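J.: Provided herewith is a single structure, encoded as C-alpha coordinates, for subsequent inquiry.
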Amino acid sequence: MLGLEQPRSVLVTGGAGYIGAHVCRALDASGYLPVAYDNLSHGHAWAVRWGPLEIGDLMDGARLEAVMRLYRPQAVIHLAGLIAAGDSVVDPTRYYHNNLAATLTLLDTMRTCGIHHLVFSSSAGVYGEPDQIPIPEHHPHRPVNPYGATKAMVERILVDFSTAYGFKSVALRYFNAVGAAPNGDIGEAHPNETHLVPLVLDVAAGLRPFAEIFGGDFPTTDGTCIRDYVHVCDLADAHILALSHLDRDVRTRAFNLGSETGASVRQVIDMAIKVTGRPIAIRMRPRRPGDPAMLVADASLAKEVLGWCPGFATLEQQIATAWDWHERYRTIDVRRAALSP
(Lines give C-alpha, C1' and ligand atoms only; values in the text may rest on other atoms or scores of the structure.)
Protein backbone atom coordinates (compact mmCIF):
# COMPACT_ATOMS: atom_id res chain seq x y z
CA MET A 1 0.00 0.00 0.00
CA LEU A 2 1.14 3.56 -0.72
CA GLY A 3 2.55 5.47 2.21
CA LEU A 4 3.58 2.40 4.21
CA GLU A 5 7.27 2.03 4.86
CA GLN A 6 8.78 -1.41 4.68
CA PRO A 7 10.71 -2.42 7.82
CA ARG A 8 14.46 -2.20 7.57
CA SER A 9 15.95 -5.65 7.18
CA VAL A 10 18.88 -7.09 9.13
CA LEU A 11 20.59 -10.34 8.13
CA VAL A 12 21.15 -12.61 11.14
CA THR A 13 23.62 -15.42 10.54
CA GLY A 14 22.81 -18.29 12.85
CA GLY A 15 19.31 -16.87 13.19
CA ALA A 16 17.77 -20.30 13.86
CA GLY A 17 19.99 -20.90 16.89
CA TYR A 18 19.48 -20.20 20.58
CA ILE A 19 20.79 -16.65 20.73
CA GLY A 20 19.89 -15.99 17.09
CA ALA A 21 16.20 -16.70 17.63
CA HIS A 22 16.10 -14.32 20.60
CA VAL A 23 17.90 -11.66 18.56
CA CYS A 24 15.35 -12.06 15.74
CA ARG A 25 12.57 -11.73 18.30
CA ALA A 26 14.10 -8.49 19.62
CA LEU A 27 14.64 -7.12 16.09
CA ASP A 28 10.99 -7.70 15.23
CA ALA A 29 9.87 -5.98 18.43
CA SER A 30 12.06 -3.00 17.47
CA GLY A 31 10.57 -2.62 13.99
CA TYR A 32 13.19 -4.46 11.93
CA LEU A 33 12.70 -7.37 9.55
CA PRO A 34 15.08 -10.11 10.74
CA VAL A 35 16.27 -12.40 7.94
CA ALA A 36 17.66 -15.60 9.46
CA TYR A 37 20.49 -17.20 7.47
CA ASP A 38 21.28 -20.65 8.85
CA ASN A 39 22.42 -24.07 7.63
CA LEU A 40 20.35 -25.70 10.41
CA SER A 41 23.30 -27.81 11.59
CA HIS A 42 22.64 -26.62 15.14
CA GLY A 43 19.55 -24.42 14.80
CA HIS A 44 15.88 -25.23 14.28
CA ALA A 45 13.56 -24.09 11.50
CA TRP A 46 10.71 -23.89 14.04
CA ALA A 47 12.68 -21.27 16.00
CA VAL A 48 12.45 -18.80 13.10
CA ARG A 49 9.15 -17.03 13.78
CA TRP A 50 9.77 -13.33 13.30
CA GLY A 51 10.97 -13.16 9.71
CA PRO A 52 12.04 -15.29 6.75
CA LEU A 53 14.44 -18.22 6.98
CA GLU A 54 17.05 -18.54 4.25
CA ILE A 55 18.88 -21.87 4.44
CA GLY A 56 22.52 -21.69 3.43
CA ASP A 57 26.11 -22.11 4.55
CA LEU A 58 28.43 -19.21 5.34
CA MET A 59 31.11 -20.69 3.10
CA ASP A 60 28.73 -20.42 0.13
CA GLY A 61 29.48 -16.90 -1.05
CA ALA A 62 27.11 -17.12 -4.02
CA ARG A 63 24.18 -18.10 -1.81
CA LEU A 64 25.03 -15.35 0.67
CA GLU A 65 25.18 -12.77 -2.10
CA ALA A 66 21.83 -13.86 -3.52
CA VAL A 67 20.18 -13.48 -0.11
CA MET A 68 21.79 -10.09 0.51
CA ARG A 69 20.68 -8.77 -2.88
CA LEU A 70 17.16 -10.07 -2.29
CA TYR A 71 16.61 -8.42 1.10
CA ARG A 72 19.16 -5.57 0.92
CA PRO A 73 19.85 -5.58 4.67
CA GLN A 74 21.15 -2.42 6.29
CA ALA A 75 23.39 -4.47 8.56
CA VAL A 76 24.46 -8.00 9.45
CA ILE A 77 24.39 -9.55 12.91
CA HIS A 78 26.91 -12.39 12.79
CA LEU A 79 26.09 -15.16 15.27
CA ALA A 80 26.86 -18.31 13.29
CA GLY A 81 29.75 -20.50 14.41
CA LEU A 82 30.89 -23.33 16.63
CA ILE A 83 30.92 -22.56 20.36
CA ALA A 84 32.25 -25.48 22.46
CA ALA A 85 35.62 -24.43 23.90
CA GLY A 86 36.63 -27.96 24.92
CA ASP A 87 35.71 -29.40 21.55
CA SER A 88 37.80 -26.74 19.83
CA VAL A 89 40.91 -28.08 21.58
CA VAL A 90 40.20 -31.60 20.28
CA ASP A 91 39.29 -30.54 16.72
CA PRO A 92 40.68 -27.08 15.97
CA THR A 93 40.41 -27.51 12.19
CA ARG A 94 36.59 -27.36 12.34
CA TYR A 95 36.75 -24.18 14.41
CA TYR A 96 39.15 -22.34 12.14
CA HIS A 97 37.07 -23.29 9.09
CA ASN A 98 33.66 -22.50 10.62
CA ASN A 99 34.52 -19.48 12.74
CA LEU A 100 37.34 -17.83 10.81
CA ALA A 101 37.30 -18.81 7.12
CA ALA A 102 33.50 -18.60 6.95
CA THR A 103 33.56 -15.14 8.53
CA LEU A 104 35.99 -13.93 5.86
CA THR A 105 33.57 -15.19 3.20
CA LEU A 106 30.77 -13.28 4.92
CA LEU A 107 32.78 -10.06 5.13
CA ASP A 108 33.90 -10.25 1.51
CA THR A 109 30.30 -10.83 0.41
CA MET A 110 29.15 -7.86 2.47
CA ARG A 111 31.74 -5.71 0.68
CA THR A 112 30.52 -6.95 -2.69
CA CYS A 113 26.95 -6.02 -1.76
CA GLY A 114 27.83 -2.64 -0.25
CA ILE A 115 26.91 -3.55 3.35
CA HIS A 116 29.28 -1.99 5.88
CA HIS A 117 27.61 -2.39 9.28
CA LEU A 118 28.24 -5.52 11.35
CA VAL A 119 27.46 -6.64 14.89
CA PHE A 120 29.71 -9.57 15.78
CA SER A 121 29.05 -12.25 18.37
CA SER A 122 32.36 -12.40 20.21
CA SER A 123 33.16 -14.02 23.54
CA ALA A 124 34.83 -13.66 26.92
CA GLY A 125 37.00 -16.48 25.59
CA VAL A 126 39.23 -13.85 23.95
CA TYR A 127 40.71 -13.00 27.37
CA GLY A 128 41.94 -16.44 28.47
CA GLU A 129 43.10 -16.59 32.08
CA PRO A 130 42.37 -13.05 33.28
CA ASP A 131 44.80 -10.86 35.20
CA GLN A 132 41.96 -9.11 37.00
CA ILE A 133 38.34 -9.67 37.97
CA PRO A 134 36.04 -8.18 36.77
CA ILE A 135 37.54 -8.15 33.27
CA PRO A 136 37.54 -4.82 31.37
CA GLU A 137 37.54 -4.56 27.58
CA HIS A 138 41.15 -3.35 27.48
CA HIS A 139 42.39 -6.58 29.07
CA PRO A 140 44.98 -8.33 26.84
CA HIS A 141 43.75 -11.07 24.53
CA ARG A 142 45.32 -14.37 25.57
CA PRO A 143 42.83 -17.09 24.53
CA VAL A 144 43.54 -20.54 25.93
CA ASN A 145 41.64 -22.52 23.30
CA PRO A 146 41.02 -22.36 19.53
CA TYR A 147 37.42 -21.20 20.07
CA GLY A 148 38.58 -18.08 21.89
CA ALA A 149 41.39 -17.62 19.37
CA THR A 150 38.95 -17.52 16.45
CA LYS A 151 36.91 -14.82 18.19
CA ALA A 152 40.01 -12.73 18.88
CA MET A 153 41.16 -13.16 15.27
CA VAL A 154 37.83 -12.00 13.87
CA GLU A 155 37.92 -8.95 16.13
CA ARG A 156 41.34 -8.08 14.69
CA ILE A 157 40.04 -8.62 11.16
CA LEU A 158 37.19 -6.19 11.87
CA VAL A 159 39.66 -3.53 13.00
CA ASP A 160 41.65 -4.01 9.78
CA PHE A 161 38.48 -3.91 7.65
CA SER A 162 37.49 -0.68 9.36
CA THR A 163 40.83 0.92 8.47
CA ALA A 164 41.00 -0.39 4.90
CA TYR A 165 37.39 -0.53 3.76
CA GLY A 166 35.38 1.77 6.01
CA PHE A 167 33.58 -1.05 7.80
CA LYS A 168 31.74 -0.09 11.00
CA SER A 169 31.38 -2.88 13.52
CA VAL A 170 30.61 -3.67 17.13
CA ALA A 171 31.94 -6.82 18.78
CA LEU A 172 29.81 -7.98 21.69
CA ARG A 173 31.82 -10.17 24.05
CA TYR A 174 29.28 -12.50 25.60
CA PHE A 175 29.91 -14.13 28.89
CA ASN A 176 27.64 -17.17 29.58
CA ALA A 177 24.23 -16.91 27.93
CA VAL A 178 21.38 -18.45 29.92
CA GLY A 179 17.61 -18.36 30.23
CA ALA A 180 14.70 -18.06 27.82
CA ALA A 181 12.07 -15.60 26.70
CA PRO A 182 9.86 -14.94 29.76
CA ASN A 183 6.66 -15.72 27.84
CA GLY A 184 8.06 -19.15 26.99
CA ASP A 185 7.85 -18.81 23.20
CA ILE A 186 11.55 -19.53 22.59
CA GLY A 187 14.46 -20.97 24.54
CA GLU A 188 17.60 -23.10 24.51
CA ALA A 189 17.35 -26.37 22.56
CA HIS A 190 20.69 -27.53 21.22
CA PRO A 191 20.76 -30.92 19.42
CA ASN A 192 23.85 -31.94 21.41
CA GLU A 193 23.72 -29.96 24.61
CA THR A 194 26.98 -28.79 26.22
CA HIS A 195 25.79 -25.88 28.38
CA LEU A 196 25.58 -26.27 32.14
CA VAL A 197 22.11 -24.92 32.89
CA PRO A 198 20.09 -26.99 30.37
CA LEU A 199 22.11 -30.09 31.29
CA VAL A 200 21.36 -29.54 34.98
CA LEU A 201 17.68 -28.97 34.21
CA ASP A 202 17.64 -32.24 32.25
CA VAL A 203 18.68 -33.98 35.47
CA ALA A 204 15.96 -32.20 37.44
CA ALA A 205 13.43 -33.32 34.82
CA GLY A 206 14.59 -36.94 34.98
CA LEU A 207 16.04 -36.95 31.47
CA ARG A 208 19.62 -37.49 32.60
CA PRO A 209 20.88 -39.47 35.61
CA PHE A 210 23.37 -36.84 36.77
CA ALA A 211 25.17 -33.61 35.93
CA GLU A 212 28.93 -33.61 35.43
CA ILE A 213 31.23 -31.12 37.16
CA PHE A 214 34.51 -30.77 35.30
CA GLY A 215 37.10 -29.90 37.88
CA GLY A 216 36.78 -29.53 41.62
CA ASP A 217 40.25 -28.16 42.24
CA PHE A 218 40.08 -24.68 40.74
CA PRO A 219 41.39 -21.82 42.93
CA THR A 220 37.84 -20.73 43.85
CA THR A 221 35.84 -20.82 47.08
CA ASP A 222 34.27 -24.23 46.37
CA GLY A 223 36.81 -25.58 43.86
CA THR A 224 34.52 -25.33 40.81
CA CYS A 225 35.01 -22.77 38.06
CA ILE A 226 33.16 -19.45 38.17
CA ARG A 227 31.33 -17.89 35.26
CA ASP A 228 29.29 -14.75 34.66
CA TYR A 229 25.76 -15.66 33.52
CA VAL A 230 23.79 -13.18 31.40
CA HIS A 231 20.19 -13.61 30.29
CA VAL A 232 19.70 -14.27 26.59
CA CYS A 233 17.00 -11.57 26.29
CA ASP A 234 19.43 -9.02 27.73
CA LEU A 235 22.00 -10.16 25.15
CA ALA A 236 19.41 -9.75 22.40
CA ASP A 237 18.58 -6.23 23.55
CA ALA A 238 22.27 -5.31 23.35
CA HIS A 239 22.29 -6.17 19.63
CA ILE A 240 19.50 -3.65 18.98
CA LEU A 241 21.45 -1.01 20.89
CA ALA A 242 24.59 -1.92 18.92
CA LEU A 243 22.77 -1.32 15.63
CA SER A 244 21.78 2.15 16.82
CA HIS A 245 25.34 2.77 17.93
CA LEU A 246 26.61 1.96 14.43
CA ASP A 247 24.37 4.70 13.05
CA ARG A 248 26.03 7.36 15.18
CA ASP A 249 29.64 6.25 15.79
CA VAL A 250 32.36 5.58 13.22
CA ARG A 251 34.68 3.60 15.49
CA THR A 252 35.01 -0.16 15.61
CA ARG A 253 34.41 -1.06 19.26
CA ALA A 254 34.00 -4.01 21.58
CA PHE A 255 31.76 -4.33 24.63
CA ASN A 256 31.51 -6.91 27.40
CA LEU A 257 28.04 -8.30 28.09
CA GLY A 258 27.68 -9.91 31.50
CA SER A 259 25.86 -9.62 34.80
CA GLU A 260 29.11 -8.58 36.57
CA THR A 261 28.43 -11.29 39.16
CA GLY A 262 30.13 -14.67 39.11
CA ALA A 263 28.54 -17.96 40.09
CA SER A 264 30.36 -21.25 40.54
CA VAL A 265 29.18 -24.50 39.00
CA ARG A 266 28.06 -25.70 42.44
CA GLN A 267 26.14 -22.46 43.01
CA VAL A 268 24.36 -22.89 39.67
CA ILE A 269 23.36 -26.44 40.64
CA ASP A 270 22.18 -25.30 44.07
CA MET A 271 20.06 -22.56 42.47
CA ALA A 272 18.58 -25.05 39.99
CA ILE A 273 17.59 -27.28 42.92
CA LYS A 274 15.90 -24.27 44.56
CA VAL A 275 14.08 -23.18 41.37
CA THR A 276 12.88 -26.65 40.35
CA GLY A 277 12.33 -28.09 43.80
CA ARG A 278 13.93 -31.32 42.63
CA PRO A 279 17.14 -33.18 43.50
CA ILE A 280 20.08 -33.00 41.07
CA ALA A 281 22.73 -35.71 41.26
CA ILE A 282 26.29 -34.83 40.25
CA ARG A 283 29.43 -36.66 39.16
CA MET A 284 32.92 -35.17 39.42
CA ARG A 285 35.15 -35.29 36.36
CA PRO A 286 38.69 -34.00 35.63
CA ARG A 287 39.12 -30.48 34.36
CA ARG A 288 38.55 -29.94 30.66
CA PRO A 289 41.45 -28.52 28.64
CA GLY A 290 41.18 -24.78 28.02
CA ASP A 291 38.84 -23.94 30.94
CA PRO A 292 39.82 -20.73 32.83
CA ALA A 293 39.09 -20.77 36.57
CA MET A 294 37.10 -17.54 36.64
CA LEU A 295 35.47 -15.23 34.09
CA VAL A 296 33.44 -12.26 35.32
CA ALA A 297 32.64 -9.19 33.21
CA ASP A 298 33.09 -5.53 33.76
CA ALA A 299 30.08 -4.45 31.68
CA SER A 300 30.14 -0.78 32.64
CA LEU A 301 31.17 0.36 29.15
CA ALA A 302 28.11 -1.25 27.50
CA LYS A 303 25.90 0.43 30.08
CA GLU A 304 27.55 3.81 29.62
CA VAL A 305 27.98 3.91 25.83
CA LEU A 306 25.16 1.68 24.54
CA GLY A 307 22.69 2.42 27.31
CA TRP A 308 22.40 -1.30 28.04
CA CYS A 309 20.33 -2.10 31.12
CA PRO A 310 19.95 -5.84 31.87
CA GLY A 311 16.49 -6.82 33.07
CA PHE A 312 17.27 -10.34 34.33
CA ALA A 313 20.25 -9.70 36.57
CA THR A 314 19.93 -12.49 39.14
CA LEU A 315 20.81 -16.13 38.68
CA GLU A 316 17.43 -17.12 40.11
CA GLN A 317 15.57 -15.11 37.45
CA GLN A 318 17.74 -16.55 34.71
CA ILE A 319 17.29 -20.18 35.75
CA ALA A 320 13.57 -19.70 36.40
CA THR A 321 12.94 -18.63 32.78
CA ALA A 322 15.15 -21.50 31.57
CA TRP A 323 13.17 -24.01 33.64
CA ASP A 324 9.83 -22.70 32.38
CA TRP A 325 11.01 -23.09 28.78
CA HIS A 326 12.58 -26.48 29.52
CA GLU A 327 9.28 -27.88 30.75
CA ARG A 328 7.36 -26.29 27.89
CA TYR A 329 9.84 -27.49 25.24
CA ARG A 330 9.75 -31.08 26.51
CA THR A 331 5.97 -31.06 26.04
CA ILE A 332 6.33 -29.61 22.56
CA ASP A 333 9.06 -32.13 21.71
CA VAL A 334 6.95 -35.08 22.86
CA ARG A 335 4.00 -33.80 20.86
CA ARG A 336 6.17 -33.31 17.77
CA ALA A 337 7.53 -36.87 18.04
CA ALA A 338 4.01 -38.28 18.37
CA LEU A 339 2.90 -36.50 15.21
CA SER A 340 5.93 -37.38 13.10
CA PRO A 341 5.49 -40.29 10.60
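Every chain in the C-alpha coordinates takes a letter, A first, then B, and so on in the order presented; its residues are numbered from 1, and the ligands are numbered from 1 following the presented order.
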Please identify every residue of range 90-134 of chain A that has at least one atom no farther than 9 Å from an atom of range 48-65 of chain A, counting only C-alpha atoms, and for each give the shortest atom pair and the distance in Å to one decimal, arranged by chain then increasing number, as CSV.
T.:
```
residue,atom,partner,partner_atom,distance
A:His97,CA,A:Met59,CA,8.8
A:Asn98,CA,A:Leu58,CA,8.1
A:Ala101,CA,A:Met59,CA,7.6
A:Ala102,CA,A:Met59,CA,5.0
A:Thr103,CA,A:Leu58,CA,7.3
A:Leu104,CA,A:Met59,CA,8.8
A:Thr105,CA,A:Met59,CA,6.0
A:Leu106,CA,A:Leu58,CA,6.4
A:Asp108,CA,A:Gly61,CA,8.4
A:Thr109,CA,A:Glu65,CA,6.0
A:Met110,CA,A:Glu65,CA,7.8
A:Thr112,CA,A:Glu65,CA,7.9
A:Cys113,CA,A:Glu65,CA,7.0
```
J.: Report as a tab-separated table the residues of range 69-90 of chain A within 10 Å of range 236-244 of chain A, each with its shortest atom pair and distance in Å (one decimal), using only C-alpha atoms, ordered by chain and increasing residue number.
T.:
```
residue	atom	partner	partner_atom	distance
A:Gln74	CA	A:Leu243	CA	9.5
A:Ala75	CA	A:Leu243	CA	7.8
A:Val76	CA	A:Leu243	CA	9.3
A:Ile77	CA	A:His239	CA	7.8
```
J.: Mind listing the strand (DSSP E) residues of range 130-196 of chain A, per DSSP on the backbone, as a list in words?
T.: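 Selection result, strand (DSSP E) within range 130-196 of chain A: Lys168, Ser169, Val170, Ala171, Leu172, Arg173, Tyr174, Asn176, Ala177 and Val178 of chain A.
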J.: Find the residues around range 178-183 of chain A up to 6 Å (only C-alpha atoms counted), leave out those fewer than 4 positions away in its own chain, and share them as an NGL selection string.
T.: :A and (187 or 230-232 or 318-319 or 321-322)
J.: Would you export the selected residues with N, CA and C atoms as a PDB file, in the first residue's frame, please?
T.:
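Wrote selection-v7.pdb, looks like this:
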```
ATOM      1  N   GLY A 187      13.486 -20.676  23.502  1.00  0.00           N
ATOM      2  CA  GLY A 187      14.460 -20.974  24.541  1.00  0.00           C
ATOM      3  C   GLY A 187      15.606 -21.801  23.987  1.00  0.00           C
ATOM      4  N   VAL A 230      24.551 -14.323  31.893  1.00  0.00           N
ATOM      5  CA  VAL A 230      23.785 -13.181  31.402  1.00  0.00           C
ATOM      6  C   VAL A 230      22.583 -13.707  30.632  1.00  0.00           C
ATOM      7  N   HIS A 231      21.429 -13.116  30.896  1.00  0.00           N
ATOM      8  CA  HIS A 231      20.190 -13.613  30.290  1.00  0.00           C
ATOM      9  C   HIS A 231      20.177 -13.363  28.787  1.00  0.00           C
ATOM     10  N   VAL A 232      19.681 -14.336  28.042  1.00  0.00           N
ATOM     11  CA  VAL A 232      19.701 -14.273  26.590  1.00  0.00           C
ATOM     12  C   VAL A 232      18.868 -13.109  26.056  1.00  0.00           C
ATOM     13  N   GLN A 318      17.240 -15.934  35.937  1.00  0.00           N
ATOM     14  CA  GLN A 318      17.736 -16.551  34.713  1.00  0.00           C
ATOM     15  C   GLN A 318      17.366 -18.023  34.649  1.00  0.00           C
ATOM     16  N   ILE A 319      17.583 -18.748  35.745  1.00  0.00           N
ATOM     17  CA  ILE A 319      17.295 -20.183  35.750  1.00  0.00           C
ATOM     18  C   ILE A 319      15.789 -20.430  35.756  1.00  0.00           C
ATOM     19  N   THR A 321      13.464 -18.701  34.156  1.00  0.00           N
ATOM     20  CA  THR A 321      12.942 -18.634  32.779  1.00  0.00           C
ATOM     21  C   THR A 321      13.420 -19.844  31.979  1.00  0.00           C
ATOM     22  N   ALA A 322      14.645 -20.308  32.256  1.00  0.00           N
ATOM     23  CA  ALA A 322      15.149 -21.498  31.566  1.00  0.00           C
ATOM     24  C   ALA A 322      14.322 -22.727  31.930  1.00  0.00           C
TER      25      ALA A 322
END
```
J.: I'd like the neighbourhood of Glu129 in chain A as a list in words, where a residue qualifies if any of its atoms comes within 10 Å (using only C-alpha atoms), though same-chain residues fewer than 6 positions away should be ignored.
T.: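 Within the cut-off, the hits are Pro140, His141, Arg142, Pro143, Val144, Gly290, Asp291, Pro292, Ala293, Met294 and Leu295 of chain A.
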J.: Would you give me, as CSV, each residue of range 26-78 of chain A having an atom within 12 Å of an atom of range 190-194 of chain A, along with its shortest atom pair and that distance in Å to one decimal, using only C-alpha atoms and sorting by chain and residue number?
T.:
```
residue,atom,partner,partner_atom,distance
A:Leu40,CA,A:Pro191,CA,10.4
A:Ser41,CA,A:Pro191,CA,8.8
A:His42,CA,A:Pro191,CA,6.4
A:Gly43,CA,A:His190,CA,7.2
A:His44,CA,A:His190,CA,8.8
A:Ala47,CA,A:His190,CA,11.4
```
J.: Considering only C-alpha atoms, state which residue in the set A:Ser259, A:Thr150, A:Thr220, A:Asn145 is at the smallest distance from Tyr174 in chain A.
T.: A:Ser259
J.: Could you check how far CA of Ala177 in chain A sits from CA of Arg248 in chain A, in Å to one decimal?
T.: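 CA of Arg248 in chain A lies at a distance of 27.5 Å from CA of Ala177 in chain A.
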J.: From the set A:Ala124, A:Ser9, A:Leu82, A:Ala16, which residue has the shortest atom-to-atom contact distance to Asp28 in chain A, counting only C-alpha atoms?
T.: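 Result for the nearest residue to Asp28 in chain A: A:Ser9.
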J.: Please compute the CA of Gly277 in chain A-CA of Thr221 in chain A distance, one decimal, in Å.
T.: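 Answer for the CA of Gly277 in chain A to CA of Thr221 in chain A separation: 24.8 Å.
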J.: Using Å and a single decimal, report how far CA of Phe210 in chain A sits from CA of Ala281 in chain A.
T.: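 So the answer is 4.7 Å.
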J.: Enumerate as a ChimeraX atom specification all residues of range 148-314 of chain A assigned to alpha helix (DSSP H) by DSSP on the backbone, naming them with the chain letters and numbers the document uses.
T.: /A:148-165,196-204,232-248,265-276,300-301
J.: Which one is closest to Trp323 in chain A: A:Lys274, A:Arg94, A:Lys168, A:His22? Count only C-alpha atoms.
T.: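 Closest candidate: A:Lys274.
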J.: Using only C-alpha atoms, which residue out of A:Asp202, A:Asp87, A:Glu155, A:Glu304 lies closest to Val126 in chain A?
T.: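 Using only C-alpha atoms, the shortest distance to Val126 in chain A belongs to A:Glu155.
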